[in-house]
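What follows is a single structure, written as structure tokens, with notes after it.
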Amino acid sequence: MIKTGRICMLLFAIARFGCEAFVGPAKQFGPSPHPPSSAKKSSSVVNPLHMSQDPSSEEIRDPNTTAEALSKNMAHPEAIYNIHEHIAKILPHRYPFALVDKVIYFEPGKRAVGVKCITNNEPQFTGHFPDRPIMPGVLQIEAMAQLGGIIALQEPISDGKGTFFFGGVDGVKWRKPVVPGDVLVMEVELTSWKQRFGIAKMKGKGYVDGKLAV
């Protein structure tokens with residue numbers, strides 16, 4: 001068993017001197033399966049692009065680049081409906097097809113604004129596409145349809161019983177790719193409701209960083 005103190009010391013050596021600092025101590029645990037081809041310093045060690053090399057940089061750090069400041073600029077409005085307490089009780093969708101993370105504006109029977117945070121660990125990115133993950137356009141439409149379902153499956157439109165299905169989609173255009181790290185902010189508005197047939201028509205848009213995406 002490797003002692004904790006040895007692990008910390010080896011990790012410190014790697015962080016300070018680069019990967020080749022591990023070659024010497026590694027002999028204690030057996031020969032390396034990939035021995036270095038030469039004793040020259042490796043050229044594969046790359047300094048982080050945004051890490052200052054000046055120990056005194058904290059004194060002149062731009063306050064607008066701190067995590068606290070950037071987090072404030074990225075803050076979302078407070079959720080009216082969140083996924084666990086509200087949305088999952090209204091919609092039947094579950095992982096991996098629950099595509100509304102929270103609702104930040106809601107006008108009963110009329111309009112809703114919701115958020116879908118795109119992350120790289122979502123299953124669709126395994127194949128769409130392995131080298132360039134892009135949220136499929138049909139899933140963007142599905143996310144907006146689910147947001148519309150939050151309007152349709154509540155009063156005054158319905159009592160929440162039953163299930164809504166797609167009847168058609170018209171006039172859809174995609175303006176920009178939606179990729180992991182993006183926050184898709186969607187707005188859906190009910191334009192027509194035929195209670196006798198249970199048919200609702202809605203219109204919607206989705207934005208990323210204030211720019212129209214779909």
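Naming scheme: A, B, ... for chains in displayed order of the structure tokens; residues 1 onward per chain; ligands 1 onward as shown.
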Item checked: DSSP helix (DSSP H, G or I) residues within stretch 66-112 of chain A, as a VMD selection string -> chain A and resid 67 to 73 83 to 90
Produce a file of the selected residues containing N, CA and C atoms, as a tab-separated table (two decimals), in the first residue's frame.
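Printed below is selection-v2.tsv as written:
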```tsv
chain	number	residue	atom	x	y	z
A	67	ALA	N	-14.06	34.59	-9.57
A	67	ALA	CA	-15.21	33.70	-9.68
A	67	ALA	C	-16.47	34.35	-9.13
A	68	GLU	N	-16.33	35.11	-8.06
A	68	GLU	CA	-17.49	35.77	-7.46
A	68	GLU	C	-18.12	36.78	-8.42
A	69	ALA	N	-17.26	37.61	-9.06
A	69	ALA	CA	-17.78	38.63	-9.97
A	69	ALA	C	-18.39	38.00	-11.21
A	70	LEU	N	-17.72	37.01	-11.78
A	70	LEU	CA	-18.23	36.36	-12.98
A	70	LEU	C	-19.52	35.61	-12.68
A	71	SER	N	-19.61	35.01	-11.50
A	71	SER	CA	-20.82	34.30	-11.12
A	71	SER	C	-22.01	35.25	-11.02
A	72	LYS	N	-21.78	36.46	-10.51
A	72	LYS	CA	-22.87	37.44	-10.42
A	72	LYS	C	-23.38	37.81	-11.81
A	73	ASN	N	-22.45	37.94	-12.77
A	73	ASN	CA	-22.86	38.29	-14.13
A	73	ASN	C	-23.64	37.17	-14.81
A	83	ILE	N	-36.87	21.66	-10.92
A	83	ILE	CA	-37.09	20.35	-11.51
A	83	ILE	C	-37.69	19.35	-10.52
A	84	HIS	N	-37.22	19.37	-9.27
A	84	HIS	CA	-37.62	18.32	-8.34
A	84	HIS	C	-38.96	18.60	-7.66
A	85	GLU	N	-39.15	19.82	-7.23
A	85	GLU	CA	-40.34	20.13	-6.44
A	85	GLU	C	-41.57	20.41	-7.31
A	86	HIS	N	-41.35	20.85	-8.55
A	86	HIS	CA	-42.50	21.28	-9.34
A	86	HIS	C	-42.58	20.60	-10.71
A	87	ILE	N	-41.54	20.76	-11.53
A	87	ILE	CA	-41.61	20.31	-12.93
A	87	ILE	C	-41.86	18.82	-13.03
A	88	ALA	N	-41.19	18.03	-12.20
A	88	ALA	CA	-41.36	16.57	-12.26
A	88	ALA	C	-42.77	16.15	-11.82
A	89	LYS	N	-43.48	17.01	-11.12
A	89	LYS	CA	-44.84	16.70	-10.72
A	89	LYS	C	-45.86	17.11	-11.79
A	90	ILE	N	-45.42	18.00	-12.70
A	90	ILE	CA	-46.32	18.46	-13.77
A	90	ILE	C	-46.13	17.62	-15.03
```
Next item on the list: Would you list the contacts of stretch 175-184 of chain A as a ChimeraX atom specification, taking every protein, DNA or RNA residue within 10 Å and counting only C-alpha atoms, but skipping same-chain residues closer than 2 positions in sequence?
Entry: /A:100,114-122,125,132-137,140,143-144,172-173,186-187,205-214
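Counting from atom CA of A:Ile150, the distance to atom CA of A:Gly162 is 12.7 Å.
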Margin query: Residues within 8 Å of A:Ala79, please, as a PyMOL selection string. Count only C-alpha atoms; anything in the same chain fewer than 4 positions from it doesn't count.
Written below: chain A and resi 102-105
Since we have the selection now, will you write its residues out, keeping N, CA, C and O atoms, as a PDB file, in the first residue's frame?
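Ended up saving to selection_21.pdb:
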```
ATOM      1  N   LYS A 102     -35.544  24.515 -15.127  1.00  0.00           N
ATOM      2  CA  LYS A 102     -36.322  25.364 -14.237  1.00  0.00           C
ATOM      3  C   LYS A 102     -37.130  26.364 -15.048  1.00  0.00           C
ATOM      4  O   LYS A 102     -36.826  26.642 -16.220  1.00  0.00           O
ATOM      5  N   VAL A 103     -38.149  26.890 -14.428  1.00  0.00           N
ATOM      6  CA  VAL A 103     -38.990  27.929 -15.033  1.00  0.00           C
ATOM      7  C   VAL A 103     -38.751  29.212 -14.253  1.00  0.00           C
ATOM      8  O   VAL A 103     -38.848  29.230 -13.019  1.00  0.00           O
ATOM      9  N   ILE A 104     -38.424  30.287 -14.969  1.00  0.00           N
ATOM     10  CA  ILE A 104     -38.095  31.544 -14.293  1.00  0.00           C
ATOM     11  C   ILE A 104     -39.168  32.625 -14.485  1.00  0.00           C
ATOM     12  O   ILE A 104     -39.095  33.681 -13.861  1.00  0.00           O
ATOM     13  N   TYR A 105     -40.147  32.352 -15.353  1.00  0.00           N
ATOM     14  CA  TYR A 105     -41.301  33.244 -15.480  1.00  0.00           C
ATOM     15  C   TYR A 105     -42.488  32.381 -15.874  1.00  0.00           C
ATOM     16  O   TYR A 105     -42.372  31.491 -16.724  1.00  0.00           O
TER      17      TYR A 105
END
```
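The space between atom CA of A:Ala152 and atom CA of A:Pro96 spans 21.9 Å.
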Item checked: Which of stretch 106-179 of chain A fall in strand (DSSP E), as a count of residues only -> 9
Next item on the list: Excluding stretch 189-194 of chain A and any residue of its chain fewer than 3 positions from it, enumerate the residues within 10 Å of it, using only C-alpha atoms, and give them as a list in words.
Entry: Glu107, Pro108, Gly109, Lys110, Arg111, Ala112, Val113, Leu147, Gly148, Ile151, Ala152, Ile157, Phe197, Gly198, Ile199, Ala200, Lys201, Met202, Lys203, Gly204 and Lys205 of chain A
Any chance you could export the current selection's C-alpha atoms as a short mmCIF file (atom, residue, chain, number, x, y, z; two decimals), in the first residue's frame?
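Output below, filename part.cif:
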```cif
data_model
loop_
_atom_site.label_atom_id
_atom_site.label_comp_id
_atom_site.auth_asym_id
_atom_site.auth_seq_id
_atom_site.Cartn_x
_atom_site.Cartn_y
_atom_site.Cartn_z
CA GLU A 107 -48.12 33.46 -16.57
CA PRO A 108 -50.87 30.84 -16.07
CA GLY A 109 -52.57 29.82 -19.28
CA LYS A 110 -50.48 32.20 -21.38
CA ARG A 111 -46.68 32.26 -21.28
CA ALA A 112 -43.61 30.69 -19.69
CA VAL A 113 -39.85 31.25 -19.76
CA LEU A 147 -42.07 24.08 -21.44
CA GLY A 148 -45.35 24.44 -23.30
CA ILE A 151 -48.61 25.72 -19.43
CA ALA A 152 -51.04 23.18 -20.88
CA ILE A 157 -55.99 25.17 -19.47
CA PHE A 197 -60.53 18.66 -29.02
CA GLY A 198 -57.77 19.20 -26.48
CA ILE A 199 -55.57 20.94 -29.07
CA ALA A 200 -53.15 23.68 -28.06
CA LYS A 201 -51.08 25.82 -30.40
CA MET A 202 -48.01 27.62 -29.17
CA LYS A 203 -45.12 29.66 -30.47
CA GLY A 204 -41.66 29.77 -29.00
CA LYS A 205 -38.06 30.91 -29.26
#
```
